[in-house]
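Below is coords09.pdb, holding PDB, C-alpha atoms.
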```
ATOM      1  CA  MET T   1     -12.464  11.104  22.837
ATOM      2  CA  HIS T   2      -8.744  10.636  23.363
ATOM      3  CA  GLU T   3      -6.537   7.943  21.926
ATOM      4  CA  ASN T   4      -7.409   4.641  23.528
ATOM      5  CA  ASN T   5      -4.686   2.011  23.773
ATOM      6  CA  ASP T   6      -6.692  -0.536  25.750
ATOM      7  CA  ILE T   7      -5.788  -3.998  24.468
ATOM      8  CA  SER T   8      -9.385  -4.916  23.666
ATOM      9  CA  VAL T   9      -9.804  -1.782  21.561
ATOM     10  CA  LEU T  10      -6.495  -2.377  19.797
ATOM     11  CA  ASN T  11      -7.495  -5.959  19.019
ATOM     12  CA  ALA T  12     -10.852  -4.835  17.651
ATOM     13  CA  ARG T  13      -9.223  -2.178  15.467
ATOM     14  CA  LYS T  14      -6.725  -4.741  14.195
ATOM     15  CA  ILE T  15      -9.582  -7.046  13.154
ATOM     16  CA  TYR T  16     -11.277  -4.250  11.204
ATOM     17  CA  TYR T  17      -8.109  -3.332   9.333
ATOM     18  CA  LEU T  18      -7.318  -6.972   8.564
ATOM     19  CA  MET T  19     -10.824  -7.515   7.245
ATOM     20  CA  PHE T  20     -10.693  -4.464   4.992
ATOM     21  CA  SER T  21      -7.288  -5.538   3.691
ATOM     22  CA  LYS T  22      -8.913  -8.793   2.557
ATOM     23  CA  PHE T  23     -11.626  -6.928   0.660
ATOM     24  CA  PHE T  24      -9.388  -4.327  -0.980
ATOM     25  CA  ALA T  25      -6.100  -6.065  -1.838
ATOM     26  CA  PHE T  26      -5.924  -8.058  -5.069
ATOM     27  CA  THR T  27      -4.842 -11.680  -4.844
ATOM     28  CA  TYR T  28      -5.540 -14.872  -6.750
ATOM     29  CA  ASP T  29      -6.198 -16.692  -3.457
ATOM     30  CA  ILE T  30      -9.966 -16.990  -3.207
ATOM     31  CA  THR T  31      -9.663 -18.416   0.326
ATOM     32  CA  ARG T  32      -8.718 -14.972   1.684
ATOM     33  CA  PHE T  33     -12.418 -14.228   2.062
ATOM     34  CA  ASN T  34     -12.864 -17.182   4.407
ATOM     35  CA  ASP T  35     -10.936 -15.249   7.056
ATOM     36  CA  ALA T  36     -12.975 -12.165   6.194
ATOM     37  CA  LYS T  37     -16.175 -13.995   7.087
ATOM     38  CA  GLU T  38     -14.814 -14.925  10.517
ATOM     39  CA  MET T  39     -13.859 -11.298  11.081
ATOM     40  CA  LEU T  40     -17.311 -10.129  10.007
ATOM     41  CA  GLU T  41     -18.834 -12.485  12.556
ATOM     42  CA  LEU T  42     -16.673 -10.977  15.302
ATOM     43  CA  ILE T  43     -17.598  -7.449  14.227
ATOM     44  CA  ASN T  44     -21.277  -8.385  14.075
ATOM     45  CA  SER T  45     -21.124  -9.588  17.687
ATOM     46  CA  GLN T  46     -20.079  -6.095  18.838
ATOM     47  CA  PRO T  47     -20.965  -3.623  16.087
ATOM     48  CA  LEU T  48     -20.029   0.045  16.263
ATOM     49  CA  ASP T  49     -23.562   1.114  15.401
ATOM     50  CA  GLU T  50     -26.886  -0.133  14.059
ATOM     51  CA  LEU T  51     -26.043   0.720  10.464
ATOM     52  CA  SER T  52     -22.839  -1.290  10.364
ATOM     53  CA  GLN T  53     -24.573  -4.194  12.099
ATOM     54  CA  ILE T  54     -27.217  -4.322   9.361
ATOM     55  CA  SER T  55     -24.520  -4.337   6.701
ATOM     56  CA  CYS T  56     -22.622  -7.086   8.556
ATOM     57  CA  GLN T  57     -25.765  -9.168   8.686
ATOM     58  CA  ASN T  58     -26.428  -8.568   4.984
ATOM     59  CA  LEU T  59     -22.929  -9.764   4.119
ATOM     60  CA  LEU T  60     -23.083 -12.811   6.376
ATOM     61  CA  ALA T  61     -26.552 -13.875   5.196
ATOM     62  CA  ASN T  62     -25.334 -14.855   1.739
ATOM     63  CA  PHE T  63     -21.564 -14.936   2.071
ATOM     64  CA  ASN T  64     -20.062 -16.235  -1.174
ATOM     65  CA  PRO T  65     -16.305 -15.804  -1.784
ATOM     66  CA  GLN T  66     -16.604 -16.271  -5.537
ATOM     67  CA  GLU T  67     -19.304 -13.628  -5.820
ATOM     68  CA  ILE T  68     -17.209 -11.208  -3.771
ATOM     69  CA  SER T  69     -14.193 -11.879  -5.975
ATOM     70  CA  ASP T  70     -16.234 -11.397  -9.143
ATOM     71  CA  GLU T  71     -17.671  -8.126  -7.883
ATOM     72  CA  TYR T  72     -14.197  -6.931  -6.890
ATOM     73  CA  ASP T  73     -13.081  -7.521 -10.484
ATOM     74  CA  ASP T  74     -16.170  -5.763 -11.844
ATOM     75  CA  ILE T  75     -15.385  -2.697  -9.745
ATOM     76  CA  PHE T  76     -11.592  -2.481  -9.784
ATOM     77  CA  HIS T  77     -10.553  -4.269 -12.992
ATOM     78  CA  ALA T  78     -13.348  -4.126 -15.549
ATOM     79  CA  PRO T  79     -12.949  -1.745 -18.519
ATOM     80  CA  PRO T  80     -13.507   0.888 -19.662
ATOM     81  CA  ARG T  81     -12.941   2.784 -16.389
ATOM     82  CA  PRO T  82     -12.041   0.545 -13.452
ATOM     83  CA  MET T  83     -12.159   2.272 -10.094
ATOM     84  CA  HIS T  84      -8.790   3.305  -8.676
ATOM     85  CA  ASN T  85      -7.772   1.843  -5.330
ATOM     86  CA  THR T  86      -4.582   3.718  -4.473
ATOM     87  CA  PHE T  87      -4.186   6.678  -2.141
ATOM     88  CA  SER T  88      -1.940   8.359  -4.705
ATOM     89  CA  TYR T  89      -4.803   8.541  -7.182
ATOM     90  CA  TYR T  90      -7.054  10.385  -4.730
ATOM     91  CA  ASP T  91      -4.146  12.653  -3.812
ATOM     92  CA  GLU T  92      -2.701  13.464  -7.253
ATOM     93  CA  GLY T  93      -4.923  11.845  -9.859
ATOM     94  CA  TYR T  94      -2.568   8.979 -10.698
ATOM     95  CA  SER T  95      -1.167   5.904  -8.946
ATOM     96  CA  ALA T  96       2.344   5.358  -7.606
ATOM     97  CA  GLY T  97       2.741   9.019  -6.683
ATOM     98  CA  ARG T  98       4.018  10.754  -3.578
ATOM     99  CA  MET T  99       1.943   8.503  -1.301
ATOM    100  CA  VAL T 100       4.271   5.618  -2.183
ATOM    101  CA  VAL T 101       7.271   7.682  -1.099
ATOM    102  CA  MET T 102       5.573   8.747   2.133
ATOM    103  CA  ILE T 103       4.624   5.174   3.051
ATOM    104  CA  LYS T 104       8.078   3.821   2.231
ATOM    105  CA  LYS T 105       9.637   6.479   4.461
ATOM    106  CA  LEU T 106       7.211   5.582   7.231
ATOM    107  CA  ILE T 107       8.103   1.878   7.177
ATOM    108  CA  HIS T 108      11.811   2.393   6.457
ATOM    109  CA  ASN T 109      12.812   2.093  10.115
ATOM    110  CA  THR T 110      10.495  -0.834  10.847
ATOM    111  CA  ASP T 111      10.886  -4.519  10.069
ATOM    112  CA  ILE T 112       7.775  -4.504   7.848
ATOM    113  CA  ARG T 113       8.085  -4.740   4.081
ATOM    114  CA  ARG T 114       5.588  -5.397   1.297
ATOM    115  CA  ASP T 115       5.464  -9.112   0.473
ATOM    116  CA  GLU T 116       5.210  -9.080  -3.315
ATOM    117  CA  ASN T 117       3.876 -12.637  -3.293
ATOM    118  CA  VAL T 118       0.833 -11.426  -1.346
ATOM    119  CA  PHE T 119       0.495  -7.766  -2.380
ATOM    120  CA  LYS T 120       0.910  -7.315  -6.128
ATOM    121  CA  GLU T 121       0.392  -3.539  -6.125
ATOM    122  CA  ASN T 122       2.551  -0.706  -4.783
ATOM    123  CA  GLU T 123       2.617   0.498  -1.202
ATOM    124  CA  ASP T 124      -0.065   3.124  -1.886
ATOM    125  CA  ASN T 125      -2.650   0.401  -2.550
ATOM    126  CA  ILE T 126      -5.548   0.825  -0.128
ATOM    127  CA  GLY T 127      -5.602  -2.866   0.797
ATOM    128  CA  PHE T 128      -1.884  -2.818   1.569
ATOM    129  CA  VAL T 129      -2.226   0.274   3.766
ATOM    130  CA  PHE T 130      -5.017  -1.385   5.748
ATOM    131  CA  ALA T 131      -2.824  -4.470   6.238
ATOM    132  CA  LEU T 132       0.021  -2.201   7.295
ATOM    133  CA  MET T 133      -2.180  -0.556   9.927
ATOM    134  CA  ALA T 134      -3.095  -4.004  11.242
ATOM    135  CA  ASP T 135       0.600  -4.905  11.508
ATOM    136  CA  PHE T 136       1.427  -1.643  13.284
ATOM    137  CA  ILE T 137      -1.436  -2.137  15.755
ATOM    138  CA  ASP T 138      -0.294  -5.713  16.375
ATOM    139  CA  ARG T 139       3.081  -4.348  17.430
ATOM    140  CA  GLN T 140       1.368  -1.936  19.793
ATOM    141  CA  ILE T 141      -0.450  -4.876  21.336
ATOM    142  CA  ASN T 142       2.931  -6.521  21.851
ATOM    143  CA  ASN T 143       4.196  -3.516  23.825
ATOM    144  CA  LYS T 144       6.152  -1.831  21.051
ATOM    145  CA  GLN T 145       4.911   1.616  21.978
ATOM    146  CA  GLU T 146       6.891   3.401  19.277
ATOM    147  CA  TYR T 147       4.249   2.145  16.842
ATOM    148  CA  GLU T 148       1.611   4.307  18.515
ATOM    149  CA  SER T 149       2.964   7.404  16.765
ATOM    150  CA  ILE T 150       3.542   5.501  13.518
ATOM    151  CA  THR T 151      -0.059   4.297  13.326
ATOM    152  CA  LYS T 152      -1.343   7.797  14.022
ATOM    153  CA  GLU T 153       0.875   9.249  11.293
ATOM    154  CA  LEU T 154      -0.260   6.628   8.792
ATOM    155  CA  PHE T 155      -3.907   7.320   9.532
ATOM    156  CA  ALA T 156      -3.572  11.099   9.716
ATOM    157  CA  GLN T 157      -1.367  11.606   6.657
ATOM    158  CA  ILE T 158      -2.446   8.807   4.307
ATOM    159  CA  ILE T 159      -5.851   7.366   5.203
ATOM    160  CA  ASN T 160      -7.854  10.227   6.684
ATOM    161  CA  PRO T 161      -7.473  12.798   3.880
ATOM    162  CA  TYR T 162      -8.536  10.493   1.029
ATOM    163  CA  ILE T 163     -10.576   7.553   2.302
ATOM    164  CA  ASP T 164     -13.943   9.354   2.123
ATOM    165  CA  GLU T 165     -13.649  10.119  -1.581
ATOM    166  CA  PHE T 166     -12.636   6.533  -2.296
ATOM    167  CA  ASN T 167     -15.441   5.129  -0.148
ATOM    168  CA  ASP T 168     -18.105   7.408  -1.598
ATOM    169  CA  MET T 169     -17.077   6.389  -5.106
ATOM    170  CA  LEU T 170     -17.210   2.744  -4.071
ATOM    171  CA  TYR T 171     -20.694   3.096  -2.579
ATOM    172  CA  SER T 172     -22.043   4.791  -5.698
ATOM    173  CA  HIS T 173     -20.318   2.465  -8.193
ATOM    174  CA  ALA T 174     -22.757   0.881 -10.632
ATOM    175  CA  ASN T 175     -21.388  -2.611  -9.944
ATOM    176  CA  ALA T 176     -21.337  -2.304  -6.147
ATOM    177  CA  LYS T 177     -23.838  -4.550  -4.420
ATOM    178  CA  ILE T 178     -21.863  -6.612  -1.928
ATOM    179  CA  TYR T 179     -19.321  -3.817  -1.700
ATOM    180  CA  LYS T 180     -22.048  -1.325  -0.827
ATOM    181  CA  ASP T 181     -22.371  -3.040   2.547
ATOM    182  CA  ILE T 182     -18.589  -3.186   2.899
ATOM    183  CA  SER T 183     -18.543   0.548   2.189
ATOM    184  CA  ASN T 184     -21.078   1.169   4.951
ATOM    185  CA  ILE T 185     -18.985  -0.687   7.525
ATOM    186  CA  LEU T 186     -15.862   1.150   6.392
ATOM    187  CA  ALA T 187     -17.594   4.535   6.710
ATOM    188  CA  THR T 188     -18.615   3.801  10.304
ATOM    189  CA  PHE T 189     -15.172   2.497  11.232
ATOM    190  CA  ILE T 190     -13.366   5.508   9.774
ATOM    191  CA  GLU T 191     -15.503   7.810  11.922
ATOM    192  CA  PHE T 192     -14.528   5.724  14.956
ATOM    193  CA  GLU T 193     -10.858   6.057  14.018
ATOM    194  CA  ARG T 194     -11.183   9.825  13.724
ATOM    195  CA  LEU T 195     -12.545   9.938  17.255
ATOM    196  CA  ASN T 196      -9.766   7.627  18.395
ATOM    197  CA  TYR T 197      -7.107   9.942  16.967
ATOM    198  CA  ASN T 198      -9.021  13.165  17.650
ATOM    199  CA  LEU T 199      -8.992  14.103  13.967
ATOM    200  CA  SER T 200     -11.546  15.971  11.896
ATOM    201  CA  LYS T 201     -13.228  14.713   8.760
ATOM    202  CA  PRO T 202     -11.605  16.439   5.776
ATOM    203  CA  VAL T 203     -13.647  18.419   3.281
ATOM    204  CA  TYR T 204     -13.439  17.534  -0.384
ATOM    205  CA  GLU T 205     -15.473  18.517  -3.418
ATOM    206  CA  LYS T 206     -18.062  15.789  -3.751
ATOM    207  CA  GLN T 207     -19.397  14.568  -7.050
ATOM    208  CA  THR T 208     -22.807  12.874  -7.229
ATOM    209  CA  LYS T 209     -22.754  10.328  -4.407
ATOM    210  CA  ALA T 210     -25.841   8.209  -4.686
ATOM    211  CA  TYR T 211     -26.816   4.610  -5.195
ATOM    212  CA  ASP T 212     -29.699   4.103  -7.612
ATOM    213  CA  GLY T 213     -30.499   7.787  -7.118
ATOM    214  CA  ILE T 214     -30.590   7.479  -3.304
ATOM    215  CA  SER T 215     -28.016   8.983  -0.958
ATOM    216  CA  ARG T 216     -26.104   6.741   1.453
ATOM    217  CA  SER T 217     -27.896   8.194   4.484
ATOM    218  CA  GLU T 218     -31.342   7.727   2.941
ATOM    219  CA  ALA T 219     -30.551   4.189   1.787
ATOM    220  CA  LEU T 220     -29.358   3.287   5.276
ATOM    221  CA  ARG T 221     -32.436   4.849   6.896
ATOM    222  CA  ARG T 222     -34.635   2.701   4.679
ATOM    223  CA  GLU T 223     -32.549  -0.374   5.457
ATOM    224  CA  ILE T 224     -32.958   0.203   9.206
ATOM    225  CA  ASN T 225     -36.708   0.582   8.824
ATOM    226  CA  ARG T 226     -36.917  -2.619   6.762
ATOM    227  CA  ALA T 227     -34.943  -4.492   9.416
ATOM    228  CA  LYS T 228     -37.213  -3.198  12.178
ATOM    229  CA  ARG T 229     -40.369  -4.193  10.274
ATOM    230  CA  LYS T 230     -38.940  -7.637   9.642
ATOM    231  CA  ALA T 231     -38.107  -8.077  13.347
ATOM    232  CA  GLU T 232     -41.615  -6.963  14.352
ATOM    233  CA  LYS T 233     -43.216  -9.490  11.964
ATOM    234  CA  GLU T 234     -41.043 -12.281  13.325
ATOM    235  CA  MET T 235     -42.096 -11.415  16.889
ATOM    236  CA  LEU T 236     -45.759 -11.534  15.930
ATOM    237  CA  SER T 237     -45.558 -14.768  13.945
TER     238      SER T 237
END
```

Go ahead and render the structure in this file as structure tokens.
Amino acid sequence: MHENNDISVLNARKIYYLMFSKFFAFTYDITRFNDAKEMLELINSQPLDELSQISCQNLLANFNPQEISDEYDDIFHAPPRPMHNTFSYYDEGYSAGRMVVMIKKLIHNTDIRRDENVFKENEDNIGFVFALMADFIDRQINNKQEYESITKELFAQIINPYIDEFNDMLYSHANAKIYKDISNILATFIEFERLNYNLSKPVYEKQTKAYDGISRSEALRREINRAKRKAEKEMLS
């Protein structure tokens, strides 16, 4: 699959990145998740695959902004070992590393800058990078074709090499319940983006990646089967 710059595809990709920026960027504004719900509804209307649709439906069934915010804190802020959410950490083992420099260089010749009132963390924060991708794609939609190469560079050099390790750690995190479904949608979308940019999935040394002793693929297989059984019962009732 070659790069696809059709406006409908660009708009869909923008929605995904905006939604993920809501879930992964820290802010005191609890209302940010209200927009995320609307985006989930759009994604659910045209899901990339059956697995991500099930996770969308799980999230929408009991959507509670306060619970999402609390779980975010439990995963990314709670001691003794909060999960890291910067690309520098997955590159070098600590935050605010060379990824910050790379991202700053990338945006230096654009009119985009980090709004410190919205994004409290550095430029290597995963939520900020997702928001940045959404902004770059928006400029593509508005016929600023120079952003086509910028978005590809951001994905290829920053997101693609490290997002799997981050997402696997998120899925297997002891406090991840709501975020397990978010992780599933992210995993599907990243594979779509690799096809879009004709990039391979990088290889990294995996640790134990399981949720309650069950791998992601097995957990999703079971979830699909449960959904099918539920649908069959509803048809018969």

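Minimum atom-to-atom distances from T:Thr151, T:Asn58, T:Ser52, T:Gln140 to T:Ala187 were compared using all atoms listed in the file, and the lowest value belongs to T:Ser52.
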
Determine the residue set returned by the PyMOL selection byres ((chain T and resi 17-28) around 8) for the present structure, and present it as number ranges by chain. T: 13-16, 29-30, 32-33, 35-36, 39-40, 72, 85, 118-121, 125-131, 133-134, 186

Selection near T:Asp49, 12 Å with all atoms listed in the file, sequence-local residues under 4 positions removed, as JSON, numbers by chain: {"T": [43, 44, 45, 53, 54, 55, 56, 184, 185, 186, 187, 188, 189, 191, 192, 220, 224]}

I'd like the neighbourhood of T:Pro161 as a PDB file with C-alpha atoms, in the coordinates of the input, where a residue qualifies if any of its atoms comes within 8 Å (using all atoms listed in the file), though same-chain residues fewer than 4 positions away should be ignored.
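The result, stored in selection05.pdb:
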```pdb
ATOM      1  CA  ALA T 156      -3.572  11.099   9.716  1.00  0.00           C
ATOM      2  CA  GLN T 157      -1.367  11.606   6.657  1.00  0.00           C
ATOM      3  CA  LYS T 201     -13.228  14.713   8.760  1.00  0.00           C
ATOM      4  CA  PRO T 202     -11.605  16.439   5.776  1.00  0.00           C
TER       5      PRO T 202
END
```

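For the set T:Tyr171, T:Phe87, T:Tyr162, T:Phe155, the residue with the smallest atom-to-atom gap to T:Glu193 is T:Phe155, counting all atoms listed in the file.
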
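Nearest-residue note for T:Lys177: choosing from T:Ile75, T:Leu195, T:Pro47, T:Leu10, the minimum distance belongs to T:Ile75, counting all atoms listed in the file.
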
So how many Å separate atom CA of T:Lys105 and atom CA of T:Asn11, to one decimal? 25.7 Å

Min atom-atom distance to T:Ile159 from the set T:Ile112, T:Ile103, T:Asn143, T:Phe136, counting all atoms listed in the file, belongs to T:Ile103

Counting only C-alpha atoms, figure out which residue out of T:Ser88, T:Arg98, T:His108, T:Lys37 gets nearest to T:Asn64. T:Lys37

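Here the question is which of T:Glu92, T:Glu38, T:Asp6, T:Glu50 gets nearest to T:Asp124 using only C-alpha atoms, and that residue is T:Glu92.
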
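Here atom CA of T:Asp73 is placed at a distance of 24.1 Å from atom CA of T:Ile190.
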